[in-house]
$ cat query07.csv   # CSV, C-alpha atoms
chain,number,residue,atom,x,y,z
A,1,MET,CA,41.8,182.5,227.5
A,2,SER,CA,41.0,180.0,224.8
A,3,ALA,CA,39.7,180.7,221.4
A,4,TYR,CA,36.5,179.0,222.3
A,5,GLY,CA,35.8,179.9,225.9
A,6,TRP,CA,34.6,177.8,228.8
A,7,GLU,CA,31.0,177.3,227.6
A,8,ARG,CA,31.9,175.1,224.7
A,9,SER,CA,30.4,171.6,224.9
A,10,GLY,CA,32.7,168.7,224.3
A,11,SER,CA,32.3,165.7,222.1
A,12,LYS,CA,30.0,163.1,223.5
A,13,GLY,CA,31.6,160.1,225.1
A,14,ASP,CA,35.1,161.3,225.5
A,15,GLU,CA,37.1,161.4,228.6
A,16,ARG,CA,38.2,165.1,228.6
A,17,ALA,CA,38.4,167.0,231.8
A,18,CYS,CA,39.9,170.2,230.3
A,19,LYS,CA,37.2,172.5,228.9
A,20,LEU,CA,39.7,175.0,227.5
A,21,TRP,CA,40.6,173.3,224.3
A,22,ARG,CA,38.6,170.8,222.3
A,23,HIS,CA,40.2,167.5,221.2
A,24,GLU,CA,39.7,168.7,217.6
A,25,ASP,CA,41.9,171.6,218.3
A,26,LEU,CA,44.6,169.4,219.9
A,27,ILE,CA,44.4,167.1,216.8
A,28,ASP,CA,44.9,170.1,214.6
A,29,PHE,CA,47.8,171.2,216.8
A,30,VAL,CA,49.5,167.9,216.4
A,31,ASP,CA,48.7,167.8,212.7
A,32,GLY,CA,50.2,171.2,212.3
A,33,ASP,CA,47.0,172.7,210.9
A,34,LEU,CA,46.5,175.4,213.4
A,35,ALA,CA,47.0,179.2,213.2
A,36,GLU,CA,50.4,180.2,214.7
A,37,ALA,CA,48.8,182.2,217.6
A,38,SER,CA,46.5,179.3,218.6
A,39,ALA,CA,49.4,176.9,218.4
A,40,ARG,CA,51.5,179.0,220.7
A,41,GLU,CA,48.6,179.3,223.1
A,42,ILE,CA,48.2,175.5,223.2
A,43,GLU,CA,51.9,175.1,223.8
A,44,HIS,CA,51.7,177.3,226.8
A,45,HIS,CA,48.6,175.5,227.9
A,46,LEU,CA,50.2,172.1,227.7
A,47,ALA,CA,52.9,173.1,230.2
A,48,ALA,CA,50.2,173.6,232.8
A,49,CYS,CA,47.4,171.1,231.9
A,50,ASP,CA,48.1,167.4,232.5
A,51,THR,CA,44.9,166.3,230.8
A,52,CYS,CA,45.7,168.0,227.5
A,53,ARG,CA,49.4,167.0,227.7
A,54,THR,CA,48.4,163.3,228.1
A,55,TYR,CA,46.0,163.6,225.2
A,56,VAL,CA,48.5,165.2,222.9
A,57,ASP,CA,51.2,162.6,223.9
A,58,SER,CA,48.7,159.9,223.1
A,59,LEU,CA,48.0,161.5,219.7
A,60,ARG,CA,51.7,161.8,218.9
A,61,ARG,CA,52.2,158.1,219.8
A,62,THR,CA,49.3,157.2,217.6
A,63,LEU,CA,50.6,159.0,214.6
A,64,ALA,CA,54.2,157.8,215.2
A,65,LYS,CA,52.8,154.2,215.0
A,66,ALA,CA,50.5,155.0,212.0
A,67,VAL,CA,53.7,155.8,209.9
A,68,HIS,CA,54.4,152.0,209.9
A,69,ASP,CA,52.0,151.2,207.1
A,70,PRO,CA,54.1,150.1,204.1
A,71,VAL,CA,52.5,149.8,200.7
A,72,PRO,CA,53.6,146.6,198.9
A,73,GLU,CA,55.5,147.3,195.7
A,74,PRO,CA,53.9,145.7,192.6
A,75,PRO,CA,56.2,143.7,190.3
A,76,GLU,CA,58.5,145.7,188.0
A,77,ALA,CA,56.6,144.5,184.9
A,78,TYR,CA,53.4,146.1,186.3
A,79,TRP,CA,54.8,149.6,186.1
A,80,ALA,CA,57.0,148.9,183.0
A,81,CYS,CA,54.0,148.5,180.8
A,82,PHE,CA,51.3,150.2,182.9
A,83,ASP,CA,50.6,152.9,180.3
A,84,GLN,CA,50.4,150.3,177.6
A,85,VAL,CA,48.1,148.1,179.5
A,86,VAL,CA,45.8,150.9,180.5
A,87,ARG,CA,45.4,152.0,176.8
A,88,HIS,CA,45.0,148.4,175.8
A,89,ARG,CA,42.3,147.7,178.4
A,90,THR,CA,40.4,151.0,177.5
A,91,PRO,CA,37.4,150.2,175.4
A,92,GLY,CA,37.7,151.5,171.9
A,93,ARG,CA,41.5,151.6,172.0
A,94,ARG,CA,43.9,149.1,170.4
A,95,ALA,CA,47.3,148.6,171.8
A,96,TYR,CA,48.7,147.8,168.4
A,97,PRO,CA,47.7,150.6,166.1
A,98,ARG,CA,50.3,149.4,163.6
A,99,ARG,CA,48.2,146.2,163.2
A,100,ARG,CA,44.9,147.9,162.9
A,101,TRP,CA,44.5,146.9,159.3
A,102,LEU,CA,44.6,143.3,160.4
A,103,ALA,CA,41.6,143.7,162.7
A,104,THR,CA,39.4,144.7,159.7
A,105,ARG,CA,40.2,141.3,158.3
A,106,LEU,CA,39.7,139.5,161.5
A,107,ALA,CA,35.9,138.9,161.4
A,108,PRO,CA,35.8,137.3,158.0
A,109,CYS,CA,38.9,135.1,158.8
A,110,LEU,CA,37.4,134.0,162.1
A,111,ALA,CA,34.0,133.3,160.4
A,112,ALA,CA,35.8,131.2,157.8
A,113,VAL,CA,37.7,129.2,160.4
A,114,ALA,CA,34.5,128.8,162.4
A,115,VAL,CA,32.6,127.4,159.5
A,116,ALA,CA,35.5,125.1,158.5
A,117,VAL,CA,35.9,123.7,162.0
A,118,GLY,CA,32.2,123.4,162.6
A,119,PHE,CA,31.9,121.5,159.3
A,120,ALA,CA,34.7,119.2,160.2
A,121,VAL,CA,33.4,118.5,163.7
A,122,ARG,CA,29.9,117.9,162.5
A,123,TYR,CA,30.5,115.8,159.4
A,124,LEU,CA,34.0,114.3,159.6
A,125,SER,CA,34.2,113.2,163.2
A,126,PRO,CA,33.4,109.5,163.5
A,127,SER,CA,31.3,110.0,166.7
A,128,SER,CA,29.4,113.0,165.4
A,129,GLY,CA,26.2,111.1,165.3
A,130,ASP,CA,26.4,110.5,169.1
A,131,ARG,CA,26.4,114.2,169.8
A,132,ARG,CA,23.0,115.0,168.3
A,133,SER,CA,21.3,115.2,171.7
A,134,GLY,CA,24.0,117.4,173.3
A,135,PRO,CA,25.0,121.0,172.5
A,136,ALA,CA,26.8,121.4,169.2
A,137,LEU,CA,30.6,122.0,169.5
A,138,GLN,CA,31.4,125.5,168.4
A,139,PRO,CA,34.8,126.9,167.9
A,140,TRP,CA,33.8,130.0,169.8
A,141,ASN,CA,33.4,127.8,172.9
A,142,ALA,CA,37.1,127.1,172.7
A,143,ILE,CA,38.1,130.7,172.2
A,144,GLU,CA,35.6,132.2,174.7
A,145,ILE,CA,35.8,135.7,173.6
A,146,GLY,CA,33.6,137.8,175.8
A,147,GLY,CA,35.5,138.2,179.1
A,148,THR,CA,37.6,141.2,180.3
A,149,ALA,CA,38.5,143.9,177.9
A,150,ALA,CA,42.2,143.4,178.4
A,151,VAL,CA,42.2,139.7,177.7
A,152,ASP,CA,39.8,140.0,174.8
A,153,SER,CA,41.7,142.6,173.0
A,154,LEU,CA,45.0,140.7,173.5
A,155,VAL,CA,43.4,137.5,172.2
A,156,VAL,CA,42.0,139.4,169.3
A,157,ALA,CA,45.4,140.9,168.5
A,158,LEU,CA,47.0,137.5,168.8
A,159,LEU,CA,44.4,135.9,166.6
A,160,ALA,CA,44.9,138.6,164.0
A,161,GLU,CA,48.7,137.9,164.1
A,162,VAL,CA,48.1,134.2,163.8
A,163,GLN,CA,45.8,134.6,160.9
A,164,ASP,CA,48.2,136.8,159.2
A,165,ASP,CA,51.0,134.3,159.6
A,166,ALA,CA,48.9,131.6,158.1
A,167,MET,CA,48.3,129.9,161.5
A,168,ALA,CA,52.0,130.0,162.6
A,169,SER,CA,52.8,128.5,166.0
A,170,LEU,CA,51.2,130.6,168.7
A,171,ASP,CA,53.8,129.5,171.2
A,172,GLU,CA,56.6,130.8,168.9
A,173,TYR,CA,54.7,134.0,168.4
A,174,LEU,CA,54.2,134.5,172.1
A,175,ALA,CA,57.9,133.8,172.8
A,176,GLU,CA,59.1,136.2,170.2
A,177,ASP,CA,56.8,139.1,170.7
A,178,ASP,CA,58.3,141.1,173.5
A,179,ASP,CA,55.3,143.5,173.6
A,180,VAL,CA,52.8,140.7,174.1
A,181,VAL,CA,55.0,139.0,176.7
A,182,ALA,CA,55.4,142.3,178.6
A,183,ILE,CA,51.7,143.0,178.5
A,184,ALA,CA,50.8,139.5,179.6
A,185,ASP,CA,53.3,139.9,182.5
A,186,GLY,CA,51.7,143.2,183.5
A,187,LEU,CA,48.2,141.8,183.6
A,188,PRO,CA,46.7,141.1,187.0
A,189,ARG,CA,46.8,137.4,188.0
A,190,SER,CA,43.2,136.7,187.3
A,191,ALA,CA,43.4,138.3,183.8
A,192,LYS,CA,46.6,136.4,183.1
A,193,GLN,CA,44.9,133.1,184.0
A,194,SER,CA,42.0,134.0,181.8
A,195,LEU,CA,44.4,134.8,178.9
A,196,VAL,CA,46.2,131.5,179.3
A,197,SER,CA,43.0,129.5,179.4
A,198,ARG,CA,41.7,131.3,176.2
A,199,LEU,CA,45.0,130.7,174.4
A,200,SER,CA,44.8,127.1,175.4
A,201,GLY,CA,41.4,127.0,173.8
A,202,LEU,CA,42.8,128.6,170.7
A,203,MET,CA,45.6,126.0,170.5
A,204,LYS,CA,43.1,123.2,170.9
A,205,LEU,CA,41.1,124.7,168.1
A,206,LYS,CA,44.1,124.9,165.9
A,207,GLY,CA,45.2,121.4,166.8
E,1,MET,CA,44.2,175.2,183.9
E,2,ASN,CA,47.8,174.3,184.0
E,3,ASP,CA,49.7,173.2,180.9
E,4,LEU,CA,49.5,169.5,181.7
E,5,GLY,CA,45.8,169.7,182.4
E,6,ARG,CA,45.2,171.6,179.2
E,7,ARG,CA,47.1,169.1,177.1
E,8,LEU,CA,45.3,166.2,178.8
E,9,ALA,CA,41.9,167.8,178.1
E,10,GLU,CA,43.0,168.2,174.4
E,11,GLY,CA,43.5,164.5,174.2
E,12,ASP,CA,47.3,164.7,174.0
E,13,ASP,CA,48.6,161.1,174.4
E,14,GLU,CA,51.9,162.3,175.8
E,15,ALA,CA,50.2,164.3,178.4
E,16,PHE,CA,48.4,161.1,179.5
E,17,THR,CA,51.7,159.3,179.7
E,18,GLU,CA,53.1,162.2,181.9
E,19,VAL,CA,50.0,162.0,184.1
E,20,VAL,CA,50.6,158.3,184.5
E,21,GLY,CA,54.3,158.9,185.4
E,22,HIS,CA,53.4,161.5,188.0
E,23,TYR,CA,50.4,160.0,189.7
E,24,ALA,CA,50.1,156.3,189.1
E,25,LYS,CA,52.2,155.2,192.1
E,26,ARG,CA,50.4,157.7,194.4
E,27,VAL,CA,47.0,156.4,193.1
E,28,TYR,CA,48.2,152.8,193.7
E,29,ALA,CA,49.2,153.7,197.3
E,30,LEU,CA,45.8,155.4,197.8
E,31,CYS,CA,43.9,152.4,196.4
E,32,TYR,CA,46.0,149.9,198.4
E,33,ARG,CA,45.4,151.8,201.7
E,34,LEU,CA,41.7,152.0,201.0
E,35,LEU,CA,41.2,148.5,199.7
E,36,ARG,CA,43.9,146.8,201.9
E,37,ASN,CA,44.5,144.2,199.1
E,38,GLU,CA,47.5,144.3,196.8
E,39,GLU,CA,45.9,142.6,193.8
E,40,GLU,CA,42.7,144.6,194.0
E,41,ALA,CA,44.7,147.8,194.3
E,42,ARG,CA,46.7,146.9,191.2
E,43,ASP,CA,43.5,146.2,189.2
E,44,MET,CA,41.8,149.3,190.6
E,45,THR,CA,44.8,151.6,189.7
E,46,GLN,CA,44.6,150.4,186.1
E,47,GLU,CA,40.8,150.9,186.1
E,48,VAL,CA,41.2,154.4,187.5
E,49,PHE,CA,43.6,155.4,184.7
E,50,MET,CA,41.4,153.7,182.1
E,51,LYS,CA,38.7,156.1,183.3
E,52,VAL,CA,41.1,159.0,183.3
E,53,TYR,CA,42.0,158.1,179.7
E,54,LEU,CA,38.3,157.8,178.7
E,55,LYS,CA,37.2,161.0,180.5
E,56,ARG,CA,40.3,163.1,179.9
E,57,LYS,CA,38.6,165.4,177.4
E,58,SER,CA,35.9,166.2,180.0
E,59,PHE,CA,38.5,167.6,182.4
E,60,LYS,CA,37.6,171.2,182.8
E,61,GLY,CA,40.5,172.4,184.8
E,62,CYS,CA,38.3,173.7,187.6
E,63,SER,CA,40.4,171.5,189.9
E,64,GLN,CA,44.0,170.3,189.7
E,65,VAL,CA,44.7,167.2,187.7
E,66,TYR,CA,45.7,165.2,190.7
E,67,THR,CA,42.6,166.1,192.7
E,68,TRP,CA,40.5,165.2,189.7
E,69,ILE,CA,42.3,161.8,189.5
E,70,TYR,CA,42.0,161.3,193.2
E,71,ARG,CA,38.3,161.9,193.0
E,72,ILE,CA,37.9,159.2,190.4
E,73,ALA,CA,40.0,156.9,192.5
E,74,LEU,CA,38.1,157.6,195.7
E,75,ASN,CA,34.7,157.1,194.1
E,76,MET,CA,35.8,153.8,192.5
E,77,CYS,CA,37.4,152.5,195.7
E,78,PHE,CA,34.3,153.5,197.8
E,79,SER,CA,32.1,151.7,195.3
E,80,ALA,CA,34.3,148.6,195.5
E,81,LEU,CA,34.2,148.8,199.3
E,82,LYS,CA,30.4,149.2,199.2
E,83,ALA,CA,30.2,146.2,196.9
E,84,ARG,CA,32.4,144.2,199.1
E,85,LYS,CA,30.0,145.1,201.9
E,86,ALA,CA,32.9,145.9,204.2
E,87,ALA,CA,30.8,146.7,207.1
E,88,THR,CA,32.6,148.7,209.8
E,89,VAL,CA,33.3,146.6,212.8
E,90,PRO,CA,32.4,148.3,216.0
E,91,LEU,CA,35.4,149.9,217.6
E,92,GLU,CA,34.9,147.8,220.7
E,93,GLU,CA,35.3,144.7,218.7
E,94,VAL,CA,38.6,146.0,217.2
E,95,GLU,CA,39.8,146.8,220.6
E,96,GLY,CA,38.8,143.4,221.8
E,97,PHE,CA,40.7,141.8,218.9
E,98,LEU,CA,43.8,143.8,219.5
E,99,ALA,CA,43.7,143.1,223.2
E,100,ALA,CA,43.3,139.4,222.4
E,101,ALA,CA,46.3,139.4,220.0
E,102,ASP,CA,49.2,137.5,221.4
E,103,PRO,CA,52.2,139.8,221.3
E,104,GLN,CA,54.7,137.1,222.4
E,105,GLY,CA,57.1,135.6,219.9
E,106,GLN,CA,56.5,138.0,217.0
E,107,ASP,CA,58.8,140.5,215.4
E,108,PRO,CA,57.7,143.8,217.0
E,109,ALA,CA,58.0,145.7,213.6
E,110,VAL,CA,55.8,143.1,211.9
E,111,GLU,CA,53.4,143.2,214.8
E,112,LEU,CA,53.2,147.0,214.7
E,113,GLU,CA,52.5,147.0,210.9
E,114,ALA,CA,49.8,144.4,211.3
E,115,LEU,CA,48.3,146.5,214.1
E,116,VAL,CA,48.3,149.7,212.1
E,117,ALA,CA,46.9,147.9,209.0
E,118,ARG,CA,44.1,146.4,211.1
E,119,ALA,CA,43.3,149.7,212.8
E,120,LEU,CA,43.2,151.5,209.4
E,121,GLU,CA,41.1,148.7,207.9
E,122,HIS,CA,38.4,149.3,210.4
E,123,LEU,CA,38.0,153.0,209.8
E,124,PRO,CA,34.9,153.8,207.9
E,125,PRO,CA,35.8,154.4,204.2
E,126,LYS,CA,35.4,158.2,204.2
E,127,GLN,CA,37.4,158.6,207.3
E,128,ARG,CA,40.1,156.3,206.0
E,129,GLY,CA,40.2,158.2,202.7
E,130,VAL,CA,40.6,161.5,204.4
E,131,PHE,CA,43.2,160.2,206.8
E,132,VAL,CA,45.2,158.5,204.1
E,133,MET,CA,45.3,161.7,201.9
E,134,ARG,CA,46.1,163.9,204.8
E,135,PHE,CA,48.6,161.8,206.8
E,136,TYR,CA,50.4,159.8,204.1
E,137,ASP,CA,49.9,162.1,201.1
E,138,LYS,CA,50.2,165.3,203.0
E,139,LEU,CA,47.4,166.9,201.0
E,140,ALA,CA,45.9,170.2,202.1
E,141,PHE,CA,42.3,170.0,203.4
E,142,ALA,CA,41.2,172.2,200.5
E,143,ASP,CA,42.5,169.6,198.0
E,144,ILE,CA,41.1,166.7,200.1
E,145,ALA,CA,37.7,168.4,200.2
E,146,GLU,CA,37.8,168.8,196.4
E,147,ALA,CA,38.8,165.2,195.9
E,148,MET,CA,36.1,164.0,198.2
E,149,GLY,CA,33.5,166.4,196.7
E,150,THR,CA,32.7,167.8,200.1
E,151,SER,CA,33.4,170.9,202.2
E,152,GLN,CA,36.7,171.5,204.0
E,153,GLY,CA,34.8,171.4,207.3
E,154,ALA,CA,33.5,168.0,206.5
E,155,ALA,CA,36.9,166.8,205.5
E,156,LYS,CA,38.4,168.0,208.7
E,157,ALA,CA,35.7,166.4,210.8
E,158,ASN,CA,36.3,163.1,209.1
E,159,PHE,CA,40.0,163.5,209.9
E,160,HIS,CA,39.3,164.3,213.5
E,161,PHE,CA,37.1,161.2,213.8
E,162,ALA,CA,39.7,159.0,212.1
E,163,VAL,CA,42.5,160.2,214.4
E,164,GLU,CA,40.4,159.8,217.5
E,165,ARG,CA,39.4,156.2,216.5
E,166,LEU,CA,43.0,155.4,215.7
E,167,ARG,CA,44.2,156.9,219.0
E,168,ARG,CA,41.8,154.7,220.9
E,169,VAL,CA,43.3,151.7,219.2
E,170,LEU,CA,46.9,152.5,218.6
E,171,GLY,CA,47.6,155.2,221.2
E,172,GLU,CA,47.2,152.8,224.0
E,173,ALA,CA,48.3,149.6,222.3
E,174,ASP,CA,51.3,148.0,224.0
E,175,VAL,CA,53.5,147.8,220.9
E,176,PRO,CA,57.0,149.4,220.7

$ encode --input "query07.csv" --output "C-alpha cells"
Amino acid sequence: MSAYGWERSGSKGDERACKLWRHEDLIDFVDGDLAEASAREIEHHLAACDTCRTYVDSLRRTLAKAVHDPVPEPPEAYWACFDQVVRHRTPGRRAYPRRRWLATRLAPCLAAVAVAVGFAVRYLSPSSGDRRSGPALQPWNAIEIGGTAAVDSLVVALLAEVQDDAMASLDEYLAEDDDVVAIADGLPRSAKQSLVSRLSGLMKLKG
Amino acid sequence: MNDLGRRLAEGDDEAFTEVVGHYAKRVYALCYRLLRNEEEARDMTQEVFMKVYLKRKSFKGCSQVYTWIYRIALNMCFSALKARKAATVPLEEVEGFLAAADPQGQDPAVELEALVARALEHLPPKQRGVFVMRFYDKLAFADIAEAMGTSQGAAKANFHFAVERLRRVLGEADVP
C-alpha cells in the first residue's frame, strides 16, 4: 500500500489514472529525493503500473534533455580582473589605493582646468559672441562625469594620472598602463562604450 | 560560522578574493540561467559581488556563505526580471510555439539547446530559480529554501511545478 493511500486527491488538471502515487512523489523519485523505503516501493510499483511507468519515463526524458543548457563562457579578461573590477565599481572604494593621494588633489586641479578652459572659450574664441543665446560650453560637458560608478572612478583615476603627468598623452598612458587596459577590457560592453566616449571628451578638452 | 565566513564578516580582503574565486562562476551561471542574457548576467554577477563586498560585514553566519550569496543573487535577478516585466507566457502558447518550430534542416543539438532554453525561459522566476539550483547546481532543498528565503516545502513545490511544466514541453517534444 502506498504512503498516501487511495483517498488522496490528485493535482487538478493532470492526466493521472493511478491513485497510488502522486506525481510529486514520482518527481521526487526521479530526482533522487525520496526515502529509500518509498523509492523501493515505487520501483516495485512501476513494474506493474503502466501509467506511472509512462510518467516516470517522460520525466526522465525531460531531465535528460534539460541537461543541454550550456552557459556561455565570458571572455577571459572578464574573470582575470573580476575581483579588481568589483572593488573598483563598489562605491567608496578606489581600485588604485597607491594613487589615493592624487585624488585629494584632483578637485582643485579640475577646478583650475575648468576655469581656464571656460575663460578661453568665453573670451578668446572668435565666435564667442554668437553663443550668447545658447548654453555656455562647459568643460564638464565634455568629461560628463556622473554615469556608472565603474566608468566614473576609472575616468577620475585617469584624470588624476594625467594631471600628475602634466597633461601627458592619454593615449600613451592608456597603452602603457596594463591595469587600466585590463580593467577596461573587463568592463561590460555598455560601460566600455561609455568609458571610450568620456575619454574622447577628455581628449577634446585637452586638445 | 566557518572560517571563510568569519574572515569575510571581519572585512578581510583576502577572504573576499577567496569567495570570488569559489563562487563567482557559479553565481554567473545562476544569473545567466535566470536572466537568459549573457551580457546582463555578466553585469549582474559583478553587481552581486559588489553587494557582497559592501554587505560582507553584516554576514552573521546563520547561513552558509554561498547560500547568503545566492540569496543576494536571486533577489537581484528577480528584481531585474520584474523590472523587465518578463510576463510568463501561458504554457499553451509555449507549446504552440514549439509545435510550430520547424525541426527540418537544423543541427539537432542546437535545436535541442534552443528548445531547453526556451522552455526554461518561460518558467515563472521562482520556479526557474529553484529548478536551476536543484537540477544544475545540485543544491539540497534546505539550502535552496534558505537562499530563497522560504520553507523547504515551498521550495519543493516550486520544483515540482517546474518539472511538470518542463515535462509538458520537453518530455513530449520530438527532439533527439

$ residues_around --input "query07.csv" --residues "range 16-30 of chain E" --least-positions-apart "4" --cutoff "10 Å" --atoms "all atoms listed in the file" --output "ChimeraX atom specification"
/A:70-74,79,82-84,86-87 /E:4-5,7-9,11-12,34-36,38,40-46,48-49,52-53,56,65-66,69-70,72-74,77,129,132-133,136-137

$ closest_atom_pairs --input "query07.csv" --of "chain A" --to "chain E" --cutoff "10 Å" --atoms "all atoms listed in the file" --output "CSV"
residue,atom,partner,partner_atom,distance
A:Asp14,CA,E:Glu164,CA,9.7
A:His23,CA,E:His160,CA,8.4
A:Glu24,CA,E:His160,CA,6.0
A:Asp25,CA,E:His160,CA,9.1
A:Leu26,CA,E:His160,CA,9.7
A:Ile27,CA,E:His160,CA,6.7
A:Asp28,CA,E:His160,CA,8.1
A:Asp31,CA,E:Phe135,CA,8.4
A:Asp33,CA,E:Ala140,CA,9.2
A:Tyr55,CA,E:Arg167,CA,9.3
A:Asp57,CA,E:Gly171,CA,8.7
A:Ser58,CA,E:Gly171,CA,5.2
A:Leu59,CA,E:Arg167,CA,6.0
A:Arg60,CA,E:Gly171,CA,8.1
A:Arg61,CA,E:Gly171,CA,5.6
A:Thr62,CA,E:Gly171,CA,4.5
A:Leu63,CA,E:Arg167,CA,8.0
A:Ala64,CA,E:Gly171,CA,9.3
A:Lys65,CA,E:Val116,CA,7.0
A:Ala66,CA,E:Val116,CA,5.7
A:Val67,CA,E:Tyr136,CA,7.8
A:His68,CA,E:Glu113,CA,5.4
A:Asp69,CA,E:Glu113,CA,5.7
A:Pro70,CA,E:Glu113,CA,7.6
A:Val71,CA,E:Ala29,CA,6.1
A:Pro72,CA,E:Glu38,CA,6.8
A:Glu73,CA,E:Glu38,CA,8.6
A:Pro74,CA,E:Arg42,CA,7.4
A:Tyr78,CA,E:Arg42,CA,8.3
A:Trp79,CA,E:Lys25,CA,8.6
A:Phe82,CA,E:Gln46,CA,7.4
A:Asp83,CA,E:Thr17,CA,6.5
A:Gln84,CA,E:Thr17,CA,9.3
A:Val85,CA,E:Gln46,CA,7.8
A:Val86,CA,E:Met50,CA,5.5
A:Arg87,CA,E:Met50,CA,6.9
A:His88,CA,E:Met50,CA,9.0
A:Arg89,CA,E:Met50,CA,7.1
A:Thr90,CA,E:Met50,CA,5.4
A:Pro91,CA,E:Leu54,CA,8.3
A:Gly92,CA,E:Leu54,CA,9.3
A:Arg93,CA,E:Leu54,CA,9.7
A:Gly186,CA,E:Arg42,CA,9.9
A:Leu187,CA,E:Asp43,CA,8.5
A:Pro188,CA,E:Asp43,CA,6.4
A:Arg189,CA,E:Glu39,CA,7.8
A:Ser190,CA,E:Glu39,CA,9.2
A:Ala191,CA,E:Asp43,CA,9.6

$ atom_distance --input "query07.csv" --atom1 "CA of Arg22 in chain A" --atom2 "CA of Ala155 in chain E"
17.4 Å

$ atom_distance --input "query07.csv" --atom1 "CA of Ala162 in chain E" --atom2 "CA of Ser79 in chain E"
19.8 Å

$ atom_distance --input "query07.csv" --atom1 "CA of Arg6 in chain E" --atom2 "CA of Thr67 in chain E"
14.8 Å
